[in-house]
Each structure stands twice: as structure tokens, then as C-alpha cells.
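Okay, data31.tsv now, which holds TSV, C-alpha atoms and all ligand atoms:
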```tsv
chain	number	residue	atom	x	y	z
M	1	MET	CA	-12.58	-25.38	-5.37
M	2	VAL	CA	-11.88	-21.65	-5.57
M	3	LYS	CA	-13.08	-19.31	-2.85
M	4	ILE	CA	-15.32	-16.53	-4.12
M	5	LYS	CA	-13.50	-13.23	-3.99
M	6	ARG	CA	-14.36	-9.56	-3.77
M	7	LEU	CA	-12.52	-6.36	-4.63
M	8	ALA	CA	-10.31	-5.14	-1.79
M	9	ASN	CA	-11.27	-1.97	0.06
M	10	LEU	CA	-9.66	0.41	2.58
M	11	THR	CA	-10.27	-1.93	5.51
M	12	ASP	CA	-8.15	-4.71	3.98
M	13	SER	CA	-4.51	-4.59	5.03
M	14	ILE	CA	-2.82	-5.75	1.82
M	15	CYS	CA	0.06	-3.34	1.85
M	16	PHE	CA	1.28	-1.66	5.05
M	17	VAL	CA	2.84	1.82	4.87
M	18	GLU	CA	5.25	2.95	7.60
M	19	PRO	CA	6.01	6.70	7.26
M	20	ASN	CA	8.61	6.51	10.06
M	21	ILE	CA	7.26	9.62	11.76
M	22	PRO	CA	7.48	9.40	15.57
M	23	SER	CA	4.27	10.23	17.42
M	24	SER	CA	6.00	13.12	19.25
M	25	GLU	CA	6.72	14.76	15.89
M	26	LEU	CA	3.14	14.28	14.72
M	27	THR	CA	1.91	15.97	17.89
M	28	GLN	CA	4.36	18.84	17.39
M	29	ARG	CA	3.26	19.26	13.76
M	30	ASN	CA	-0.36	19.56	14.86
M	31	VAL	CA	0.71	22.29	17.29
M	32	ASP	CA	2.79	24.08	14.64
M	33	TYR	CA	0.37	24.01	11.68
M	34	PRO	CA	-1.96	26.77	12.96
M	35	ILE	CA	0.75	29.02	14.44
M	36	LEU	CA	3.71	28.86	12.04
M	37	SER	CA	3.81	30.51	8.61
M	38	ASP	CA	4.37	28.32	5.53
M	39	LYS	CA	7.96	29.53	5.39
M	40	LYS	CA	8.68	28.68	9.03
M	41	MET	CA	7.03	25.27	8.68
M	42	LYS	CA	9.26	24.57	5.69
M	43	THR	CA	12.40	25.69	7.54
M	44	LYS	CA	11.56	23.50	10.53
M	45	TYR	CA	10.51	20.32	8.73
M	46	VAL	CA	12.25	20.35	5.34
M	47	LYS	CA	15.09	18.16	6.66
M	48	PHE	CA	12.61	15.28	6.90
M	49	ALA	CA	12.19	15.24	3.10
M	50	TYR	CA	15.14	12.81	3.04
M	51	ARG	CA	13.59	10.45	5.55
M	52	PRO	CA	12.68	7.18	3.86
M	53	THR	CA	9.20	5.69	3.99
M	54	HIS	CA	8.73	1.93	4.07
M	55	PHE	CA	5.93	-0.18	2.77
M	56	THR	CA	5.49	-3.91	3.19
M	57	TRP	CA	3.77	-5.98	0.52
M	58	LYS	CA	3.66	-9.77	0.17
M	59	GLY	CA	6.03	-10.15	3.13
M	60	LYS	CA	8.71	-7.94	1.59
M	61	THR	CA	9.58	-4.45	2.85
M	62	HIS	CA	10.45	-1.77	0.30
M	63	GLU	CA	12.06	1.59	0.96
M	64	ILE	CA	11.09	4.81	-0.78
M	65	GLN	CA	13.45	7.77	-0.73
M	66	VAL	CA	13.52	9.69	-3.98
M	67	ASN	CA	14.89	13.05	-2.87
M	68	PHE	CA	18.37	12.99	-4.30
M	69	CYS	CA	20.16	14.25	-7.41
M	70	SER	CA	18.58	12.74	-10.53
M	71	ASN	CA	21.30	13.84	-12.93
M	72	PRO	CA	23.42	10.82	-13.96
M	73	PHE	CA	26.27	13.13	-14.97
M	74	CYS	CA	26.60	14.67	-11.50
M	75	LYS	CA	28.78	13.14	-8.79
M	76	ASN	CA	25.84	13.37	-6.38
M	77	HIS	CA	23.65	11.17	-8.56
M	78	MET	CA	21.35	9.06	-6.33
M	79	LYS	CA	23.46	9.76	-3.24
M	80	PRO	CA	21.73	10.36	0.10
M	81	GLN	CA	21.68	13.66	1.96
M	82	LYS	CA	24.92	14.25	3.84
M	83	LYS	CA	26.32	16.83	6.26
M	84	TYR	CA	29.84	17.78	5.21
M	85	GLY	CA	30.86	18.83	8.72
M	86	ILE	CA	32.00	22.26	7.60
M	87	GLY	CA	29.61	24.92	8.88
M	88	LYS	CA	26.03	24.08	7.88
M	89	SER	CA	26.99	22.77	4.45
M	90	GLN	CA	25.13	19.72	3.21
M	91	ARG	CA	25.02	17.82	-0.04
M	92	TYR	CA	21.53	19.10	-0.90
M	93	SER	CA	19.29	22.01	-0.11
M	94	ILE	CA	15.61	22.25	-0.97
M	95	SER	CA	14.44	25.41	-2.62
M	96	GLY	CA	11.64	26.79	-4.74
M	97	ALA	CA	9.30	29.73	-4.40
M	98	THR	CA	6.17	27.82	-5.35
M	99	LYS	CA	4.81	24.44	-4.25
M	100	GLU	CA	7.19	22.92	-6.80
M	101	ARG	CA	10.22	22.41	-4.58
M	102	ASN	CA	13.55	21.27	-5.94
M	103	VAL	CA	16.44	19.34	-4.47
M	104	ILE	CA	19.53	21.37	-5.39
M	105	CYS	CA	23.07	19.99	-5.42
M	106	SER	CA	25.51	22.09	-3.37
M	107	THR	CA	29.25	22.26	-3.98
M	108	ASP	CA	31.34	19.87	-1.90
M	109	PRO	CA	33.53	21.96	0.48
M	110	THR	CA	35.55	18.89	1.47
M	111	ASP	CA	36.74	18.33	-2.11
M	112	PRO	CA	37.05	21.77	-3.81
M	113	ASN	CA	39.39	20.54	-6.55
M	114	GLY	CA	37.61	17.24	-7.19
M	115	ILE	CA	34.78	16.43	-9.55
M	116	PRO	CA	32.37	19.38	-9.37
M	117	THR	CA	28.69	19.01	-8.65
M	118	LEU	CA	26.46	20.41	-11.37
M	119	LYS	CA	24.07	22.51	-9.22
M	120	CYS	CA	21.28	20.24	-10.45
M	121	ASN	CA	17.61	20.89	-9.78
M	122	SER	CA	15.79	17.61	-9.10
M	123	LYS	CA	12.09	17.73	-8.29
M	124	ALA	CA	11.31	17.05	-4.63
M	125	TYR	CA	8.59	14.56	-3.73
M	126	SER	CA	6.91	13.39	-0.56
M	127	ASN	CA	8.16	9.86	0.09
M	128	TRP	CA	5.11	9.20	2.24
M	129	SER	CA	2.72	10.33	-0.54
M	130	LEU	CA	4.46	8.09	-3.06
M	131	ALA	CA	4.17	5.10	-0.73
M	132	THR	CA	0.46	5.72	-0.11
M	133	GLU	CA	-0.14	6.04	-3.87
M	134	ILE	CA	1.62	2.70	-4.45
M	135	GLU	CA	-0.55	1.21	-1.68
M	136	ARG	CA	-3.69	2.58	-3.41
M	137	LEU	CA	-2.70	1.18	-6.82
M	138	ILE	CA	-2.01	-2.25	-5.29
M	139	ARG	CA	-5.35	-2.18	-3.43
M	140	VAL	CA	-7.54	-1.13	-6.40
M	141	ASN	CA	-6.18	-4.06	-8.38
M	142	ALA	CA	-6.44	-6.61	-5.56
M	143	VAL	CA	-9.12	-9.14	-4.63
M	144	VAL	CA	-9.55	-10.81	-1.24
M	145	PRO	CA	-11.57	-13.89	-0.22
M	146	LEU	CA	-15.23	-13.12	0.32
M	147	ASP	CA	-16.30	-14.20	3.80
M	148	PRO	CA	-19.93	-13.19	3.98
M	149	ALA	CA	-21.48	-12.61	7.42
M	150	TYR	CA	-24.61	-14.75	7.29
M	151	GLU	CA	-27.74	-14.04	9.34
M	152	PHE	CA	-29.28	-17.49	9.77
M	153	HIS	CA	-32.09	-16.52	12.17
M	154	LYS	CA	-34.85	-14.05	12.79
M	155	ASP	CA	-34.72	-12.00	16.01
M	156	GLY	CA	-35.55	-14.10	19.06
M	157	CYS	CA	-34.96	-17.50	17.39
M	158	ILE	CA	-34.31	-20.31	19.85
M	159	ASN	CA	-31.71	-21.88	17.54
M	160	HIS	CA	-28.35	-20.17	18.03
M	161	GLU	CA	-26.38	-22.48	15.74
M	162	THR	CA	-25.33	-21.78	12.16
M	163	TYR	CA	-25.69	-24.07	9.17
M	164	PHE	CA	-21.93	-24.65	9.40
M	165	THR	CA	-21.90	-25.62	13.10
M	166	GLU	CA	-25.20	-27.60	13.27
M	167	PRO	CA	-26.50	-28.37	9.76
M	168	LYS	CA	-29.16	-30.72	11.13
M	169	THR	CA	-31.08	-27.75	12.53
M	170	PHE	CA	-31.64	-26.50	8.97
M	171	TYR	CA	-33.59	-27.72	5.95
M	172	LYS	CA	-31.92	-27.70	2.56
M	173	ARG	CA	-34.23	-25.87	0.16
M	174	GLY	CA	-32.53	-26.34	-3.21
M	175	LYS	CA	-30.44	-23.85	-5.07
M	176	ALA	CA	-30.93	-20.23	-6.06
M	177	SER	CA	-30.40	-19.06	-9.65
M	178	SER	CA	-26.92	-17.92	-8.55
M	179	ASN	CA	-26.17	-21.56	-7.63
M	180	ALA	CA	-26.19	-20.61	-3.92
M	181	GLN	CA	-27.44	-23.33	-1.56
M	182	ILE	CA	-30.67	-22.24	0.14
M	183	VAL	CA	-31.05	-23.36	3.75
M	184	GLN	CA	-33.92	-22.74	6.17
M	185	CYS	CA	-33.79	-22.66	9.97
M	186	LYS	CA	-36.15	-25.34	11.31
M	187	ALA	CA	-37.13	-23.10	14.24
M	188	CYS	CA	-37.64	-19.56	12.87
M	189	LYS	CA	-38.08	-20.60	9.19
M	190	LYS	CA	-35.65	-17.96	7.95
M	191	TYR	CA	-34.11	-18.66	4.54
M	192	THR	CA	-30.41	-18.04	3.94
M	193	ASN	CA	-28.51	-18.30	0.64
M	194	ILE	CA	-25.02	-19.71	1.07
M	195	LEU	CA	-22.51	-18.81	-1.59
M	196	ARG	CA	-20.76	-21.85	-2.97
M	197	PRO	CA	-17.09	-21.98	-3.90
M	198	LYS	CA	-16.51	-22.00	-7.65
M	199	LEU	CA	-15.21	-25.13	-9.31
M	200	LYS	CA	-11.63	-24.62	-10.38
M	201	ARG	CA	-11.28	-24.66	-14.14
M	202	PRO	CA	-8.61	-26.92	-15.54
M	203	PRO	CA	-5.71	-24.92	-16.97
M	204	ILE	CA	-6.02	-24.06	-20.67
M	205	ILE	CA	-3.23	-25.73	-22.59
M	206	ARG	CA	-2.48	-23.85	-25.79
M	207	ARG	CA	-0.98	-25.34	-28.89
M	208	GLY	CA	2.36	-23.63	-28.30
M	209	THR	CA	2.50	-25.00	-24.75
M	210	ILE	CA	2.03	-28.60	-25.99
M	211	PHE	CA	4.76	-28.08	-28.58
M	212	CYS	CA	7.09	-26.86	-25.80
M	213	LEU	CA	6.21	-29.93	-23.72
M	214	PHE	CA	7.16	-32.21	-26.65
M	215	MET	CA	10.38	-30.31	-27.08
M	216	GLN	CA	11.32	-31.15	-23.48
M	217	ILE	CA	10.73	-34.92	-23.96
N	1	ZN	ZN	23.55	16.80	-8.95
N	2	ZN	ZN	-33.71	-19.68	13.44
```

Could you quickly redo this structure as C-alpha cells?
Amino acid sequence: MVKIKRLANLTDSICFVEPNIPSSELTQRNVDYPILSDKKMKTKYVKFAYRPTHFTWKGKTHEIQVNFCSNPFCKNHMKPQKKYGIGKSQRYSISGATKERNVICSTDPTDPNGIPTLKCNSKAYSNWSLATEIERLIRVNAVVPLDPAYEFHKDGCINHETYFTEPKTFYKRGKASSNAQIVQCKACKKYTNILRPKLKRPPIIRRGTIFCLFMQI
């Protein structure tokens, strides 16, 4: 038997996203949004662009952190943000006059004669937004078991049992066109249609599959 399923919705926790933002920071952001200019907000919070977001799906946790150099010919390629310990120098800075921000490779002051960085411009993304988009794509393609909430009685019925807990307090009234079992409360006479699990179809064996089975004998 196969349980009847329905499309997943926002209330189903199929994929859990952890943005790794402490509650104190969220509170501070809410304070800052109305009082700081866009530029000051960027200056204060841009360092968090390199903070990974995690999402857990099917028992496995995945990390998303895409703000790094995307140029395979640069020595910074796919390397995480790093403070060089000389002044305020870091591996990357984020710049861009419009909403299109870029992660820009800085020169490495600890290795001036080594392999140069290529001053690459890699597009900056919100790790959190990417994780929530992945969560949405997983959810719109997912189904979950349908557990309908049945109302077996009219208001004020003396029978407080359900057909599943006390079937003898119900009449069976045949099947609906949808193949649902119709039951009726013996006390309040309310009819309820109970969805039945689908019969599991035997697997379809294709000609190629049988040939492969013979090959294994
Ligand atoms: Zn680079
Ligand atoms: Zn009843």
C-alpha cells in the first residue's frame, strides 16, 4: 500500500536553512536599518558576506559560501576570506557602486614577489538567499504524506471516538466514486469519506532490464 501524498507547502520542514546570524546581530540590524545610510550599512555589515550559510536536507548538512575569487587562473581561486595581518589588508574587498557588488582580489602583502593575484572581479551573492532559493526549489518539487484531519461528528455528538479508534460506533456506507470508504456515525449520522491508500503497482520490467538480468545469470 502507498500512502496518498500531497504537494509540500511552507509549513513542511523538508529542508532546514541555518543562516548563522546570532539573534543579537538581528536585533542590531533592525535598529540600524532606519538610521544608517546604505553606505554605512554596507561598511558595517559587508564583512558578513563571507559567512557561510548551512542547510540540512535528507539528514545531510550542506554549506554555502560562494563569495570568493572565481577566476581559476588566480592564486586566490576559491580561497576563503583572510586577514593578512598587515594593516587592514585582506584577501578580498567588496566593491561596486550599484547593487551589483563584486568580490575583488587584493594583492598579497605577505608575498610581494610570489604569484600575483589578478585583481579579479567576482560577483558577490547572498549566501542566505542562495540557501533559501535551494530550499524553495526542493520544496516545490516535494510531496509529503497526506494526513487528512477528519471531522467524524456533528457539533454536540455524544460519540467522541473516531472510526480508527472505535469502528463499531460507525456504519460502513460503501464507497465514493473516488474509492474512499464512506462511514457514518451511529449517533449523529454524519457521513465521512476516508481516503484509502493506493495499491502499490508492481515495478515495470522493460525488455532491456530482462536482458540485463539474463546477462547476470
Ligand atoms: Zn582572483
Ligand atoms: Zn457522531

Could you give me, as a tab-separated table, a per-residue list for chain M showing, wherever an atom lies at most 8 Å from an atom of ligand ZN 1 (chain N), the closest pair of atoms and their distance in Å to one decimal, using all atoms listed in the file and sorting by chain then residue number from low to high?
```
residue	atom	partner	partner_atom	distance
M:Phe68	CA	N:ZN1	ZN	7.9
M:Cys69	CA	N:ZN1	ZN	4.5
M:Ser70	CA	N:ZN1	ZN	6.6
M:Asn71	CA	N:ZN1	ZN	5.4
M:Pro72	CA	N:ZN1	ZN	7.8
M:Phe73	CA	N:ZN1	ZN	7.6
M:Cys74	CA	N:ZN1	ZN	4.5
M:Lys75	CA	N:ZN1	ZN	6.4
M:Asn76	CA	N:ZN1	ZN	4.9
M:His77	CA	N:ZN1	ZN	5.6
M:Ile104	CA	N:ZN1	ZN	7.1
M:Cys105	CA	N:ZN1	ZN	4.8
M:Ser106	CA	N:ZN1	ZN	7.9
M:Thr117	CA	N:ZN1	ZN	5.6
M:Leu118	CA	N:ZN1	ZN	5.2
M:Lys119	CA	N:ZN1	ZN	5.7
M:Cys120	CA	N:ZN1	ZN	4.4
M:Asn121	CA	N:ZN1	ZN	7.3
M:Ser122	CA	N:ZN1	ZN	7.8
```

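Here atom CA of Tyr191 of chain M and atom CA of Leu146 of chain M stand 20.1 Å from one another.
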
| request: Determine the nearest neighbour of ligand ZN 2 (chain N) from the options M:Val31, M:Ile115, M:Leu195, M:Val183, counting all atoms listed in the file. | output: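 Among the listed residues, the smallest separation from ligand ZN 2 (chain N) belongs to M:Val183.
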
| Using all atoms listed in the file, which protein or nucleic acid residues are at most 9 Å from ligand ZN 2 (chain N), as a PyMOL selection string? | chain M and resi 152-162+169-170+184-191

| message | Can you measure atom CA of Val143 of chain M to atom CA of Lys5 of chain M for me? One decimal in Å is fine. | response |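 Rounded to one decimal, the two atoms are 6.0 Å apart.
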
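Among M:Thr56, M:Pro22, M:Ile4, M:Ala49, the residue with the shortest atom-to-atom distance to Glu135 of chain M, counting all atoms listed in the file, is M:Thr56.
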
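Taking atom CA of Ala131 of chain M and atom CA of Leu26 of chain M as the two end points, the separation is 18.0 Å.
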
| field | M:Ala149, M:Ile21, M:Val103, M:Ile194 ranked by distance to Trp128 of chain M, top pick (using all atoms listed in the file) | value |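 Among M:Ala149, M:Ile21, M:Val103, M:Ile194, it is M:Ile21 that comes nearest to Trp128 of chain M.
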
| task | Would you list the residues near (0.0, -2.3, 4.2) (no more than 9 Å away, in the coordinates of the file, using only C-alpha atoms) as a list of chain:residue names? | result |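 The requested residues, written out, are M:Asp12, M:Ser13, M:Ile14, M:Cys15, M:Phe16, M:Val17, M:Glu18, M:Phe55, M:Thr56, M:Trp57, M:Glu135.
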
Mind dumping the selected residues with C-alpha atoms as a tab-separated table (two decimals), keeping the file's coordinate frame?
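The new file out21.tsv reads:
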```tsv
chain	number	residue	atom	x	y	z
M	12	ASP	CA	-8.15	-4.71	3.98
M	13	SER	CA	-4.51	-4.59	5.03
M	14	ILE	CA	-2.82	-5.75	1.82
M	15	CYS	CA	0.06	-3.34	1.85
M	16	PHE	CA	1.28	-1.66	5.05
M	17	VAL	CA	2.84	1.82	4.87
M	18	GLU	CA	5.25	2.95	7.60
M	55	PHE	CA	5.93	-0.18	2.77
M	56	THR	CA	5.49	-3.91	3.19
M	57	TRP	CA	3.77	-5.98	0.52
M	135	GLU	CA	-0.55	1.21	-1.68
```

| field | Residues near Gln181 of chain M, cut-off 9 Å, all atoms listed in the file, skip fewer than 4 positions along chain, as number ranges by chain | value | M: 172-176, 192-196

| request: Using only C-alpha atoms, pick whichever of M:Asp108, M:Glu133, M:Ala124, M:Ile94 has the shortest atom-to-atom distance to Thr43 of chain M. | output: M:Ile94

| Could you pull the residues within 10 Å of Pro19 of chain M, counting all atoms listed in the file, minus those fewer than 5 positions along the same chain, as an NGL selection string? | :M and (51-55 or 64 or 127-129 or 131-132)

| field | Selected residue, from M:Lys168, M:Lys88, M:Arg101, M:Lys39, that lies nearest to Ser126 of chain M when counting only C-alpha atoms | value | M:Arg101

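Using all atoms listed in the file, the nearest neighbour of Lys123 of chain M within the list M:Ile182, M:Leu36, M:Val66, M:Leu7 is M:Val66.
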